[in-house]
$ cat final-v3.txt   # compact mmCIF, N, CA, C and O atoms
# COMPACT_ATOMS: atom_id res chain seq x y z
N MET A 1 0.01 4.94 18.08
CA MET A 1 -1.33 5.50 17.92
C MET A 1 -1.58 5.78 16.44
O MET A 1 -0.72 6.28 15.74
N LYS A 2 -2.75 5.44 15.96
CA LYS A 2 -3.08 5.62 14.55
C LYS A 2 -3.31 7.09 14.23
O LYS A 2 -4.00 7.79 14.94
N ASN A 3 -2.73 7.50 13.12
CA ASN A 3 -2.94 8.86 12.63
C ASN A 3 -4.25 8.85 11.85
O ASN A 3 -4.35 8.25 10.79
N LYS A 4 -5.27 9.52 12.37
CA LYS A 4 -6.60 9.48 11.77
C LYS A 4 -6.65 10.06 10.36
O LYS A 4 -7.51 9.71 9.58
N GLU A 5 -5.73 10.95 10.03
CA GLU A 5 -5.73 11.57 8.71
C GLU A 5 -5.07 10.70 7.65
O GLU A 5 -5.30 10.89 6.48
N LEU A 6 -4.27 9.73 8.06
CA LEU A 6 -3.55 8.91 7.12
C LEU A 6 -4.42 7.75 6.65
O LEU A 6 -4.97 7.01 7.43
N GLU A 7 -4.56 7.63 5.34
CA GLU A 7 -5.33 6.56 4.74
C GLU A 7 -4.41 5.69 3.91
O GLU A 7 -3.33 6.11 3.51
N PHE A 8 -4.87 4.49 3.61
CA PHE A 8 -4.05 3.57 2.83
C PHE A 8 -3.63 4.18 1.50
O PHE A 8 -2.47 4.05 1.09
N LYS A 9 -4.56 4.86 0.83
CA LYS A 9 -4.21 5.43 -0.49
C LYS A 9 -3.04 6.41 -0.37
O LYS A 9 -2.18 6.45 -1.25
N ASP A 10 -2.99 7.17 0.70
CA ASP A 10 -1.89 8.12 0.90
C ASP A 10 -0.58 7.40 1.20
O ASP A 10 0.48 7.78 0.70
N THR A 11 -0.66 6.36 2.01
CA THR A 11 0.52 5.56 2.32
C THR A 11 1.06 4.91 1.06
O THR A 11 2.27 4.93 0.81
N LEU A 12 0.18 4.37 0.24
CA LEU A 12 0.61 3.72 -1.00
C LEU A 12 1.22 4.72 -1.97
O LEU A 12 2.27 4.44 -2.58
N LYS A 13 0.61 5.89 -2.11
CA LYS A 13 1.17 6.92 -2.99
C LYS A 13 2.59 7.28 -2.56
O LYS A 13 3.50 7.38 -3.39
N SER A 14 2.78 7.48 -1.26
CA SER A 14 4.10 7.82 -0.74
C SER A 14 5.10 6.69 -0.98
O SER A 14 6.25 6.93 -1.35
N PHE A 15 4.65 5.46 -0.77
CA PHE A 15 5.52 4.30 -0.96
C PHE A 15 5.98 4.20 -2.41
O PHE A 15 7.17 4.01 -2.68
N LEU A 16 5.05 4.32 -3.34
CA LEU A 16 5.40 4.23 -4.76
C LEU A 16 6.39 5.32 -5.16
O LEU A 16 7.34 5.07 -5.90
N LYS A 17 6.17 6.52 -4.65
CA LYS A 17 7.06 7.63 -4.97
C LYS A 17 8.45 7.40 -4.36
O LYS A 17 9.47 7.57 -5.03
N GLU A 18 8.48 7.00 -3.09
CA GLU A 18 9.75 6.80 -2.40
C GLU A 18 10.60 5.72 -3.07
O GLU A 18 11.82 5.83 -3.16
N TYR A 19 9.94 4.66 -3.53
CA TYR A 19 10.66 3.55 -4.14
C TYR A 19 10.68 3.62 -5.67
O TYR A 19 11.14 2.68 -6.32
N ASP A 20 10.20 4.73 -6.21
CA ASP A 20 10.21 4.97 -7.66
C ASP A 20 9.59 3.80 -8.42
O ASP A 20 10.17 3.26 -9.36
N LEU A 21 8.38 3.40 -7.97
CA LEU A 21 7.67 2.29 -8.59
C LEU A 21 6.45 2.78 -9.33
O LEU A 21 5.73 3.65 -8.86
N THR A 22 6.20 2.19 -10.48
CA THR A 22 4.96 2.45 -11.19
C THR A 22 3.88 1.55 -10.60
O THR A 22 4.18 0.56 -9.91
N GLN A 23 2.64 1.87 -10.89
CA GLN A 23 1.54 1.01 -10.46
C GLN A 23 1.71 -0.39 -11.03
O GLN A 23 1.48 -1.39 -10.33
N THR A 24 2.12 -0.47 -12.28
CA THR A 24 2.29 -1.75 -12.95
C THR A 24 3.39 -2.59 -12.30
O THR A 24 3.20 -3.79 -12.06
N ALA A 25 4.51 -1.97 -11.99
CA ALA A 25 5.62 -2.69 -11.35
C ALA A 25 5.21 -3.17 -9.96
O ALA A 25 5.47 -4.32 -9.59
N PHE A 26 4.57 -2.30 -9.19
CA PHE A 26 4.11 -2.68 -7.86
C PHE A 26 3.13 -3.84 -7.94
O PHE A 26 3.25 -4.82 -7.21
N ALA A 27 2.17 -3.73 -8.85
CA ALA A 27 1.15 -4.78 -9.02
C ALA A 27 1.82 -6.11 -9.36
O ALA A 27 1.46 -7.15 -8.79
N SER A 28 2.77 -6.08 -10.26
CA SER A 28 3.47 -7.30 -10.66
C SER A 28 4.19 -7.94 -9.49
O SER A 28 4.19 -9.16 -9.34
N MET A 29 4.79 -7.12 -8.65
CA MET A 29 5.56 -7.63 -7.51
C MET A 29 4.69 -8.29 -6.44
O MET A 29 5.18 -9.14 -5.70
N ILE A 30 3.43 -7.89 -6.36
CA ILE A 30 2.56 -8.49 -5.34
C ILE A 30 1.49 -9.40 -5.94
O ILE A 30 0.67 -9.95 -5.21
N GLY A 31 1.49 -9.55 -7.26
CA GLY A 31 0.59 -10.49 -7.89
C GLY A 31 -0.84 -10.04 -8.09
O GLY A 31 -1.77 -10.85 -8.01
N VAL A 32 -1.03 -8.74 -8.36
CA VAL A 32 -2.36 -8.23 -8.68
C VAL A 32 -2.30 -7.47 -10.00
O VAL A 32 -1.23 -7.21 -10.52
N LYS A 33 -3.46 -7.11 -10.51
CA LYS A 33 -3.53 -6.31 -11.73
C LYS A 33 -3.30 -4.84 -11.41
O LYS A 33 -3.62 -4.37 -10.32
N GLN A 34 -2.78 -4.12 -12.39
CA GLN A 34 -2.55 -2.68 -12.23
C GLN A 34 -3.85 -1.96 -11.90
O GLN A 34 -3.87 -1.01 -11.12
N SER A 35 -4.95 -2.42 -12.46
CA SER A 35 -6.24 -1.77 -12.20
C SER A 35 -6.62 -1.85 -10.72
O SER A 35 -7.27 -0.94 -10.20
N GLN A 36 -6.20 -2.92 -10.05
CA GLN A 36 -6.47 -3.04 -8.61
C GLN A 36 -5.69 -1.98 -7.84
O GLN A 36 -6.22 -1.33 -6.94
N VAL A 37 -4.43 -1.79 -8.21
CA VAL A 37 -3.61 -0.77 -7.56
C VAL A 37 -4.23 0.61 -7.80
O VAL A 37 -4.28 1.44 -6.89
N SER A 38 -4.72 0.85 -9.00
CA SER A 38 -5.36 2.11 -9.32
C SER A 38 -6.57 2.36 -8.42
O SER A 38 -6.78 3.48 -7.94
N GLU A 39 -7.34 1.32 -8.17
CA GLU A 39 -8.51 1.47 -7.28
C GLU A 39 -8.08 1.78 -5.86
O GLU A 39 -8.72 2.56 -5.16
N TRP A 40 -6.99 1.17 -5.40
CA TRP A 40 -6.47 1.49 -4.07
C TRP A 40 -6.02 2.94 -3.99
O TRP A 40 -6.29 3.63 -3.02
N LEU A 41 -5.32 3.40 -5.03
CA LEU A 41 -4.82 4.77 -5.03
C LEU A 41 -5.93 5.81 -5.11
O LEU A 41 -5.77 6.92 -4.61
N SER A 42 -7.03 5.44 -5.72
CA SER A 42 -8.15 6.39 -5.81
C SER A 42 -9.02 6.36 -4.57
O SER A 42 -9.89 7.21 -4.39
N GLY A 43 -8.81 5.37 -3.72
CA GLY A 43 -9.62 5.25 -2.51
C GLY A 43 -10.93 4.49 -2.74
O GLY A 43 -11.75 4.40 -1.84
N LYS A 44 -11.11 3.94 -3.94
CA LYS A 44 -12.33 3.18 -4.24
C LYS A 44 -12.35 1.82 -3.56
O LYS A 44 -13.41 1.24 -3.35
N ALA A 45 -11.18 1.31 -3.24
CA ALA A 45 -11.06 0.00 -2.61
C ALA A 45 -9.84 -0.01 -1.70
O ALA A 45 -8.98 0.88 -1.79
N LYS A 46 -9.78 -1.00 -0.83
CA LYS A 46 -8.63 -1.21 0.04
C LYS A 46 -8.23 -2.67 -0.08
O LYS A 46 -9.06 -3.54 -0.31
N PRO A 47 -6.94 -2.94 0.09
CA PRO A 47 -6.48 -4.32 -0.05
C PRO A 47 -6.95 -5.19 1.10
O PRO A 47 -7.09 -4.73 2.23
N GLY A 48 -7.16 -6.45 0.80
CA GLY A 48 -7.50 -7.42 1.82
C GLY A 48 -6.25 -8.03 2.42
O GLY A 48 -5.12 -7.68 2.07
N TYR A 49 -6.48 -8.99 3.30
CA TYR A 49 -5.39 -9.63 4.03
C TYR A 49 -4.32 -10.22 3.10
O TYR A 49 -3.12 -9.97 3.30
N GLU A 50 -4.73 -10.99 2.11
CA GLU A 50 -3.75 -11.65 1.23
C GLU A 50 -2.90 -10.64 0.47
O GLU A 50 -1.69 -10.84 0.29
N ASN A 51 -3.50 -9.54 0.03
CA ASN A 51 -2.73 -8.52 -0.68
C ASN A 51 -1.79 -7.78 0.26
O ASN A 51 -0.65 -7.47 -0.11
N LEU A 52 -2.24 -7.49 1.46
CA LEU A 52 -1.36 -6.85 2.44
C LEU A 52 -0.19 -7.77 2.78
O LEU A 52 0.95 -7.33 2.89
N ARG A 53 -0.49 -9.04 2.94
CA ARG A 53 0.56 -10.02 3.23
C ARG A 53 1.58 -10.05 2.10
O ARG A 53 2.79 -10.10 2.34
N ALA A 54 1.10 -10.02 0.86
CA ALA A 54 1.99 -10.02 -0.30
C ALA A 54 2.90 -8.79 -0.30
O ALA A 54 4.08 -8.88 -0.66
N MET A 55 2.36 -7.65 0.09
CA MET A 55 3.16 -6.41 0.16
C MET A 55 4.28 -6.55 1.19
O MET A 55 5.43 -6.17 0.93
N VAL A 56 3.93 -7.06 2.36
CA VAL A 56 4.90 -7.23 3.43
C VAL A 56 6.02 -8.18 2.99
O VAL A 56 7.20 -7.89 3.19
N ILE A 57 5.65 -9.27 2.36
CA ILE A 57 6.64 -10.25 1.91
C ILE A 57 7.49 -9.70 0.77
O ILE A 57 8.72 -9.82 0.78
N ALA A 58 6.87 -9.06 -0.21
CA ALA A 58 7.59 -8.57 -1.38
C ALA A 58 8.59 -7.47 -1.05
O ALA A 58 9.66 -7.40 -1.65
N PHE A 59 8.26 -6.63 -0.09
CA PHE A 59 9.10 -5.46 0.18
C PHE A 59 9.80 -5.48 1.53
O PHE A 59 10.61 -4.60 1.81
N GLY A 60 9.49 -6.45 2.36
CA GLY A 60 10.14 -6.53 3.67
C GLY A 60 9.81 -5.34 4.56
O GLY A 60 10.61 -4.94 5.39
N ILE A 61 8.63 -4.80 4.38
CA ILE A 61 8.17 -3.64 5.15
C ILE A 61 7.22 -4.16 6.23
O ILE A 61 6.37 -5.01 5.94
N PRO A 62 7.30 -3.67 7.46
CA PRO A 62 6.37 -4.13 8.50
C PRO A 62 4.91 -3.88 8.10
O PRO A 62 4.59 -2.87 7.47
N ALA A 63 4.04 -4.79 8.48
CA ALA A 63 2.61 -4.67 8.18
C ALA A 63 2.04 -3.36 8.70
O ALA A 63 1.16 -2.77 8.08
N GLU A 64 2.56 -2.88 9.82
CA GLU A 64 2.06 -1.64 10.40
C GLU A 64 2.17 -0.47 9.44
O GLU A 64 1.34 0.43 9.46
N TYR A 65 3.19 -0.49 8.60
CA TYR A 65 3.36 0.59 7.63
C TYR A 65 2.17 0.63 6.67
O TYR A 65 1.54 1.67 6.48
N PHE A 66 1.87 -0.51 6.05
CA PHE A 66 0.78 -0.56 5.09
C PHE A 66 -0.59 -0.45 5.75
O PHE A 66 -1.56 -0.06 5.10
N LEU A 67 -0.67 -0.77 7.03
CA LEU A 67 -1.93 -0.64 7.76
C LEU A 67 -2.11 0.76 8.35
O LEU A 67 -3.09 1.03 9.03
N CYS A 68 -1.14 1.63 8.08
CA CYS A 68 -1.18 3.02 8.55
C CYS A 68 -1.22 3.10 10.07
O CYS A 68 -1.88 3.96 10.65
N LEU A 69 -0.48 2.21 10.72
CA LEU A 69 -0.47 2.17 12.18
C LEU A 69 0.79 2.73 12.81
O LEU A 69 0.87 2.83 14.02
N GLU A 70 1.76 3.08 12.00
CA GLU A 70 2.99 3.65 12.56
C GLU A 70 2.72 5.05 13.08
O GLU A 70 2.04 5.84 12.44
N SER A 71 3.25 5.33 14.25
CA SER A 71 3.09 6.66 14.81
C SER A 71 4.34 7.47 14.57
O SER A 71 5.42 6.92 14.34
N ASP A 72 4.21 8.78 14.62
CA ASP A 72 5.36 9.67 14.38
C ASP A 72 6.27 9.70 15.57
O ASP A 72 5.93 9.50 16.67
$ encode --input "final-v3.txt" --output "structure tokens"
Amino acid sequence: MKNKELEFKDTLKSFLKEYDLTQTAFASMIGVKQSQVSEWLSGKAKPGYENLRAMVIAFGIPAEYFLCLESD
């Protein structure tokens, strides 16, 4: 069940902190500009399919994690 309070920006902030990644390092690993990551973190934008796919491939994390679909 989706946690209604959890948003992508919060998931991404937690992920970066947990893996000790800078916005720049994360962006480089998935093939986007740091400014794009900044927009995701501020909630101004959300990643599309190709960017989500790149995250899943780069980090071996299930798509559900980045889609904020994991339940507690």
$ closest_residue --input "final-v3.txt" --among "A:Gln36, A:Thr11, A:Ile30, A:Pro47" --to "Cys68 (chain A)" --atoms "all atoms listed in the file"
A:Thr11
$ atom_distance --input "final-v3.txt" --atom1 "atom N of Ile57 (chain A)" --atom2 "CA of Phe8 (chain A)"
16.1 Å
$ atom_distance --input "final-v3.txt" --atom1 "atom O of Thr24 (chain A)" --atom2 "atom O of Lys44 (chain A)"
19.4 Å
$ select_by_dssp --input "final-v3.txt" --residues "chain A" --states "alpha helix (DSSP H)" --output "PyMOL selection string"
chain A and resi 8-18+23-30+34-42+49-59+63-66
$ atom_distance --input "final-v3.txt" --atom1 "atom O of Ala27 (chain A)" --atom2 "atom N of Leu6 (chain A)"
24.5 Å
$ residues_around --input "final-v3.txt" --residues "Met55 (chain A)" --least-positions-apart "4" --cutoff "8 Å" --atoms "all atoms listed in the file" --output "list in words"
Phe26, Met29, Ile30, Gly31, Gly48, Tyr49, Glu50, Asn51, Phe59, Gly60, Ile61, Pro62, Ala63 and Phe66 of chain A
$ closest_residue --input "final-v3.txt" --among "A:Ala25, A:Leu41, A:Ala54, A:Leu69" --to "Lys9 (chain A)" --atoms "only C-alpha atoms"
A:Leu41
$ closest_residue --input "final-v3.txt" --among "A:Lys33, A:Ser28, A:Gly43, A:Tyr19" --to "Glu7 (chain A)" --atoms "only C-alpha atoms"
A:Gly43
